[in-house]
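Remarks on the structure that follows.
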Amino acid sequence: MGDHVAASGTARSGGMIDRMRAAFGGRQSTPGAPRILGDRAVVAGGSIAGTLAARVLSDWYREVVVVDRDEVLGVTGMRKGASHAVHAHGLHARGYLILSDLFPGLLDDAKELGLPVRDFGLMRWYFNARPIARTETGLLSVAGNRPVLENYLRSRVAGLPNVTYRQHTDVLGLVATADRGRVTGVRIQERTPGSPEQRLDADLVVDATGRGSRLPVWLAELGYERPVEERMTIGLAYTTRTYRRRPGTFDGPVAINPVASPEHPRGAFFGQTATGDFRLSLTGILGDHPPTDPAGFEEYVRTLPVADIHQAVRDADPTGDAVSFTFPASVWRHYERLTRFPAGLAVLGDAVCSFNPVYGQGMTAAAMQVTALRRFLDGQSAADGRSYLRDVARQMRHPWQLSTRTDLDFPGVGPRSLPIRLHNAYLVRLQYAMTKDPEVTRAYMRVAGLVDPPRTLWRLPLLVRVLRLARDMPATSPVPASAPVSPRVAASAPSAVPAASVRPPATGAGDEPAGPVDAGQRAGS
């Protein structure tokens, strides 16, 4: 189903895909004829965001140096700086379109690497324990083993003649002019004991060091304000285990995603890995975390609202121990609100905005920010980077809405205004309508894939269609007999309420519907 369907969907929708690629990918530089802006650009951080930044910068600078504290070249497994990489990851449709411009041949290469490429609408999505009406959308998602995808992208960038990776090296801070109005490089130190501090000069420094970015501190040291941080506490934990695939378990690459909801707050992503085995990532919020011991892990699986997953793994042979990763909160550092920002400096990836990873937005959000960097390089002169920061903020507005507003549907996550409660009530009806109507599924998946903005779900024809289809929506969602709810889930889940009821008012903002939950990535793009 997976690769064949995705390829046929692309061929059938070629015109649409090409138009979207042109809209989202930006201008692709002509190889061999770069417009030189300077001698050297330095990227702090060699993960997904830093690698994509280096790819774009290679078109504009004679030399690009990527600095990372880990060994990153040739690494296809978990490393200290990306411990989350073992968990399920996905590159959404918009991210795929951007990356396919930066890396021609990505689709064929992903298939050769064994990375599942799926039509977003053909995955087995379950919302409120109900399966959606699956349909071809022409929107591709690259899933599977993030270290394999990351190594592929990094290898292609490292193979560029003007890109160098400096591994096992820490970035200690920024170097600036005497008036501190421009960043002129970074202070670095190799991690070998006794190594001296060095200065690496640069015409542009890009911070892509992820959620642990020290840029707010570095700015303060130069006399600048720290950015305001917006936080959404979710108390999430991922626990992942990989199993050997038994013959006949599933036909072709499969992805099953029971989306967490207030009535079913335990979620999962079950998909095939690059080796053909299966990876199961369990999610739990607000302290209801999936355990790592075998018995506890299996019991957690048994409480999921999709019995197929438990049936597939209960007698399967695990390839290793379960691994857990915690994510306390989504964070958006609003650099665009600063009135002063030094020239010669940019920031992107999770260093700007890190999302609840179950939404799978991290890699795609990084790609979207890289298009802002490309636009800035294409039109910038000697001006500071505040226009770039504002562009990044515009790119992040919709992904942030999708994740945080959906999180607010869970009691205990945070206060909810009347608009938030209204759009979440509509979202539940839209998800129910998806069980009946492929057209609703297509509209929703375009928003989930970050192709269309959330407001498109409120267009009058779709709204009328949703309300008509949801007239018979039951007050509560089903609980399969084979997947009983454990006492821990029962304690964390809200009591059933009528579909038309409204939750207690609170503060908040927003008037657009939120998007789906998808298997995803943590901060540290």
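Chain labels A, B, ... are given in the sequence in which chains occur in the structure tokens; within each chain residues are numbered consecutively from 1, and ligands are likewise numbered from 1 in the order shown.
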
Which residues, written as a PDB file with C-alpha atoms, in the first residue's frame, have at least one atom at most 9 Å from stretch 340-353 of chain A, with only C-alpha atoms counted and residues fewer than 4 positions away on the same chain left out?
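Okay, part00.pdb is ready:
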ATOM      1  CA  ILE A  48      17.985  18.557  11.015  1.00  0.00           C
ATOM      2  CA  ALA A  49      17.583  22.338  11.313  1.00  0.00           C
ATOM      3  CA  GLY A  50      21.323  23.012  11.160  1.00  0.00           C
ATOM      4  CA  ALA A  53      20.389  25.781   7.090  1.00  0.00           C
ATOM      5  CA  ALA A 176      30.766  40.793  18.228  1.00  0.00           C
ATOM      6  CA  ARG A 180      28.018  44.984  19.794  1.00  0.00           C
ATOM      7  CA  GLY A 181      25.840  45.826  16.836  1.00  0.00           C
ATOM      8  CA  ARG A 182      27.074  42.922  14.682  1.00  0.00           C
ATOM      9  CA  VAL A 183      28.043  39.336  15.398  1.00  0.00           C
ATOM     10  CA  THR A 184      31.351  38.509  13.744  1.00  0.00           C
ATOM     11  CA  GLY A 185      31.889  34.900  14.786  1.00  0.00           C
ATOM     12  CA  ALA A 202      31.944  34.491  10.255  1.00  0.00           C
ATOM     13  CA  ASP A 203      29.882  36.882   8.190  1.00  0.00           C
ATOM     14  CA  LEU A 204      26.748  35.136   9.468  1.00  0.00           C
ATOM     15  CA  VAL A 205      26.143  32.926  12.511  1.00  0.00           C
ATOM     16  CA  VAL A 206      23.047  30.702  12.653  1.00  0.00           C
ATOM     17  CA  ASP A 207      21.955  29.189  15.959  1.00  0.00           C
ATOM     18  CA  ALA A 208      20.318  25.803  15.371  1.00  0.00           C
ATOM     19  CA  THR A 209      21.190  24.209  18.708  1.00  0.00           C
ATOM     20  CA  GLY A 210      17.641  23.156  19.587  1.00  0.00           C
ATOM     21  CA  ARG A 211      15.631  23.491  22.763  1.00  0.00           C
ATOM     22  CA  GLY A 212      18.786  23.868  24.844  1.00  0.00           C
ATOM     23  CA  SER A 213      19.874  26.965  22.915  1.00  0.00           C
ATOM     24  CA  ARG A 214      21.874  29.454  24.988  1.00  0.00           C
ATOM     25  CA  LEU A 215      21.181  32.315  22.608  1.00  0.00           C
ATOM     26  CA  LEU A 219      22.252  38.080  23.759  1.00  0.00           C
ATOM     27  CA  TYR A 224      20.335  42.789  24.393  1.00  0.00           C
ATOM     28  CA  GLU A 225      17.016  41.788  25.909  1.00  0.00           C
ATOM     29  CA  SER A 330       6.057  23.467  24.085  1.00  0.00           C
ATOM     30  CA  VAL A 331       8.097  26.682  23.971  1.00  0.00           C
ATOM     31  CA  TRP A 332       8.099  29.598  21.528  1.00  0.00           C
ATOM     32  CA  ARG A 333      10.848  32.178  21.972  1.00  0.00           C
ATOM     33  CA  HIS A 334       9.515  35.356  20.407  1.00  0.00           C
ATOM     34  CA  TYR A 335      12.668  36.848  18.933  1.00  0.00           C
ATOM     35  CA  GLY A 362       9.501  19.552  14.185  1.00  0.00           C
ATOM     36  CA  MET A 363      11.241  18.646  10.938  1.00  0.00           C
ATOM     37  CA  ALA A 365       8.704  23.496  10.965  1.00  0.00           C
ATOM     38  CA  ALA A 366      12.485  23.612  10.550  1.00  0.00           C
ATOM     39  CA  ALA A 367      12.075  23.331   6.783  1.00  0.00           C
ATOM     40  CA  GLN A 369      11.940  28.359   8.745  1.00  0.00           C
ATOM     41  CA  VAL A 370      14.699  27.562   6.254  1.00  0.00           C
ATOM     42  CA  LEU A 373      16.190  32.125   5.712  1.00  0.00           C
ATOM     43  CA  ALA A 382      23.393  45.130   5.308  1.00  0.00           C
ATOM     44  CA  ALA A 383      20.181  45.397   7.351  1.00  0.00           C
ATOM     45  CA  ASP A 384      19.712  43.496  10.593  1.00  0.00           C
ATOM     46  CA  GLY A 385      17.839  40.210  10.710  1.00  0.00           C
ATOM     47  CA  ARG A 386      14.595  41.407  12.278  1.00  0.00           C
ATOM     48  CA  TYR A 388      13.863  37.408   8.939  1.00  0.00           C
ATOM     49  CA  LEU A 389      12.707  36.894  12.525  1.00  0.00           C
ATOM     50  CA  VAL A 392       9.979  32.983  10.935  1.00  0.00           C
ATOM     51  CA  ALA A 393       7.224  34.003  13.355  1.00  0.00           C
ATOM     52  CA  MET A 396       5.380  29.271  13.031  1.00  0.00           C
ATOM     53  CA  TRP A 400       1.811  26.584  17.021  1.00  0.00           C
ATOM     54  CA  ARG A 522      10.881  16.560  19.920  1.00  0.00           C
ATOM     55  CA  ALA A 523      12.649  19.800  20.180  1.00  0.00           C
ATOM     56  CA  GLY A 524      16.079  19.784  18.700  1.00  0.00           C
ATOM     57  CA  SER A 525      15.223  19.776  15.004  1.00  0.00           C
TER      58      SER A 525
END

Going by DSSP on the backbone, which bits of stretch 213-436 of chain A are strand (DSSP E or B)? Write them as number ranges by chain, please. A: 228-243, 255-259, 267-272, 278-284, 318, 323-334, 343, 345-347, 353-354

Find the residues around A:Trp60 up to 9 Å (only C-alpha atoms counted), leave out those fewer than 6 positions away in its own chain, and share them as a VMD selection string. chain A and resid 34 to 39 41 377 to 378

Dump as an mmCIF file, in the first residue's frame, selection limited to N, CA and C atoms:
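As a result, part.cif now contains:
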data_model
loop_
_atom_site.group_PDB
_atom_site.id
_atom_site.type_symbol
_atom_site.label_atom_id
_atom_site.label_comp_id
_atom_site.auth_asym_id
_atom_site.auth_seq_id
_atom_site.Cartn_x
_atom_site.Cartn_y
_atom_site.Cartn_z
ATOM 1 N N PRO A 34 26.203 30.648 -7.484
ATOM 2 C CA PRO A 34 25.660 31.260 -6.272
ATOM 3 C C PRO A 34 25.922 32.754 -6.239
ATOM 4 N N ARG A 35 25.053 33.457 -5.537
ATOM 5 C CA ARG A 35 25.267 34.874 -5.290
ATOM 6 C C ARG A 35 25.993 34.984 -3.962
ATOM 7 N N ILE A 36 27.247 35.371 -3.994
ATOM 8 C CA ILE A 36 28.082 35.346 -2.799
ATOM 9 C C ILE A 36 27.771 36.548 -1.919
ATOM 10 N N LEU A 37 27.418 36.258 -0.659
ATOM 11 C CA LEU A 37 27.159 37.305 0.319
ATOM 12 C C LEU A 37 28.311 37.492 1.289
ATOM 13 N N GLY A 38 29.174 36.499 1.383
ATOM 14 C CA GLY A 38 30.284 36.607 2.318
ATOM 15 C C GLY A 38 31.196 35.412 2.205
ATOM 16 N N ASP A 39 32.287 35.467 2.981
ATOM 17 C CA ASP A 39 33.274 34.395 2.921
ATOM 18 C C ASP A 39 32.847 33.171 3.717
ATOM 19 N N ALA A 41 29.916 31.369 6.614
ATOM 20 C CA ALA A 41 28.765 31.291 7.518
ATOM 21 C C ALA A 41 29.011 30.132 8.465
ATOM 22 N N LEU A 377 18.121 35.775 2.670
ATOM 23 C CA LEU A 377 19.388 35.838 1.943
ATOM 24 C C LEU A 377 19.192 36.371 0.532
ATOM 25 N N ASP A 378 18.069 36.056 -0.046
ATOM 26 C CA ASP A 378 17.801 36.484 -1.423
ATOM 27 C C ASP A 378 17.597 37.982 -1.507
#

Find the spatial neighbours of stretch 443-448 of chain A, counting only C-alpha atoms, within a cut-off of 8 Å - ignore same-chain residues fewer than 5 positions away - and output them as number ranges by chain. A: 92, 120-121, 137, 139, 453-454, 456-457, 515-516

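Residues surrounding A:Met123 within 8 Å are Arg134, Val254, Ala255, Ile256 and Asn257 of chain A [only C-alpha atoms; sequence separation below 6 positions excluded].
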
Go ahead and write the selection's residues with all heavy atoms as a short mmCIF file (atom, residue, chain, number, x, y, z; two decimals), in the first residue's frame.
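And here is the file that came out, result29.cif:
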data_model
loop_
_atom_site.label_atom_id
_atom_site.label_comp_id
_atom_site.auth_asym_id
_atom_site.auth_seq_id
_atom_site.Cartn_x
_atom_site.Cartn_y
_atom_site.Cartn_z
N ARG A 134 -10.41 6.72 4.91
CA ARG A 134 -9.10 6.90 4.27
C ARG A 134 -9.28 7.25 2.81
O ARG A 134 -10.19 6.77 2.13
CB ARG A 134 -8.26 5.65 4.44
CG ARG A 134 -7.98 5.31 5.90
CD ARG A 134 -7.61 3.85 6.09
NE ARG A 134 -6.33 3.54 5.50
CZ ARG A 134 -5.88 2.31 5.29
NH1 ARG A 134 -6.67 1.28 5.59
NH2 ARG A 134 -4.71 2.08 4.77
N VAL A 254 2.89 -0.08 6.92
CA VAL A 254 1.63 0.29 7.55
C VAL A 254 1.92 1.32 8.62
O VAL A 254 3.00 1.36 9.21
CB VAL A 254 0.94 -0.95 8.17
CG1 VAL A 254 1.76 -1.50 9.32
CG2 VAL A 254 -0.47 -0.63 8.61
N ALA A 255 0.95 2.17 8.86
CA ALA A 255 1.05 3.13 9.96
C ALA A 255 -0.32 3.22 10.62
O ALA A 255 -1.32 3.49 9.95
CB ALA A 255 1.48 4.50 9.44
N ILE A 256 -0.37 2.96 11.90
CA ILE A 256 -1.60 3.05 12.67
C ILE A 256 -1.40 4.12 13.72
O ILE A 256 -0.45 4.06 14.51
CB ILE A 256 -1.97 1.71 13.33
CG1 ILE A 256 -2.05 0.59 12.30
CG2 ILE A 256 -3.29 1.83 14.09
CD1 ILE A 256 -2.32 -0.78 12.90
N ASN A 257 -2.28 5.09 13.76
CA ASN A 257 -2.11 6.22 14.68
C ASN A 257 -3.40 6.48 15.44
O ASN A 257 -4.25 7.24 14.98
CB ASN A 257 -1.69 7.47 13.89
CG ASN A 257 -1.30 8.61 14.81
OD1 ASN A 257 -1.26 8.46 16.03
ND2 ASN A 257 -1.02 9.76 14.23
#

Here is a test: counting only C-alpha atoms, which residue of A:Leu280, A:Ala44, A:Val163, A:Val117 is nearest to A:Arg62? A:Val163

Would you mind telling me which residue in A:Ser47, A:Thr135, A:Thr339, A:Thr233 lies nearest to A:Gly287 when using only C-alpha atoms? A:Thr233

Have a look at atom CA of A:Glu197 and atom CA of A:Gly45 and let me know their distance in Å, one decimal.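 According to the coordinates, atom CA of A:Glu197 and atom CA of A:Gly45 are separated by 17.9 Å.
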
Please list as a PyMOL selection string every residue within 6 Å of A:Arg279, counting only C-alpha atoms and excluding residues in the same chain fewer than 2 positions away. chain A and resi 241-242+270-271

Mind dumping the selected residues with N, CA, C and O atoms as an mmCIF file, in the first residue's frame?
data_model
loop_
_atom_site.group_PDB
_atom_site.id
_atom_site.type_symbol
_atom_site.label_atom_id
_atom_site.label_comp_id
_atom_site.auth_asym_id
_atom_site.auth_seq_id
_atom_site.Cartn_x
_atom_site.Cartn_y
_atom_site.Cartn_z
ATOM 1 N N ARG A 241 9.372 1.005 21.659
ATOM 2 C CA ARG A 241 9.994 -0.310 21.554
ATOM 3 C C ARG A 241 9.864 -0.799 20.117
ATOM 4 O O ARG A 241 8.849 -0.540 19.457
ATOM 5 N N THR A 242 10.880 -1.501 19.649
ATOM 6 C CA THR A 242 10.884 -2.036 18.285
ATOM 7 C C THR A 242 10.778 -3.553 18.330
ATOM 8 O O THR A 242 11.383 -4.206 19.186
ATOM 9 N N PHE A 270 2.248 3.376 15.468
ATOM 10 C CA PHE A 270 2.743 2.039 15.160
ATOM 11 C C PHE A 270 3.084 2.013 13.688
ATOM 12 O O PHE A 270 2.201 2.144 12.839
ATOM 13 N N GLY A 271 4.368 1.872 13.367
ATOM 14 C CA GLY A 271 4.759 1.922 11.968
ATOM 15 C C GLY A 271 5.971 1.075 11.687
ATOM 16 O O GLY A 271 6.701 0.642 12.589
#

Report, in Å with one decimal, the straight-line distance from atom CA of A:Glu150 to atom CA of A:Asp317. 27.1 Å

Once DSSP has gone over the backbone, tell me which residues of stretch 353-439 of chain A are in helix (DSSP H, G or I), as number ranges by chain. A: 357-359, 362-379, 386-407, 418-434, 438-439

Fewer than 3 positions away in the same chain doesn't count, so skip those; otherwise give me all residues within 12 Å of A:Met232, counting only C-alpha atoms, as a PyMOL selection string. chain A and resi 229+235-236+286+327-332+353-356+400-401+403-408+410+412-416+508

Please report the interatomic distance between atom CA of A:Val64 and atom CA of A:Asp109 in Å with one decimal.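 Distance between the two atoms: 24.7 Å.
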
Within 12 Å of stretch 291-296 of chain A, which residues of stretch 323-375 of chain A show up? Give each one with its shortest atom-to-atom distance in Å (one decimal) and the two atoms involved, counting only C-alpha atoms, rows by chain then rising residue number, as JSON lines.
{"residue": "A:Val323", "atom": "CA", "partner": "A:Thr292", "partner_atom": "CA", "distance": 6.4}
{"residue": "A:Ser324", "atom": "CA", "partner": "A:Thr292", "partner_atom": "CA", "distance": 6.8}
{"residue": "A:Phe325", "atom": "CA", "partner": "A:Thr292", "partner_atom": "CA", "distance": 10.4}
{"residue": "A:Thr326", "atom": "CA", "partner": "A:Pro291", "partner_atom": "CA", "distance": 11.8}
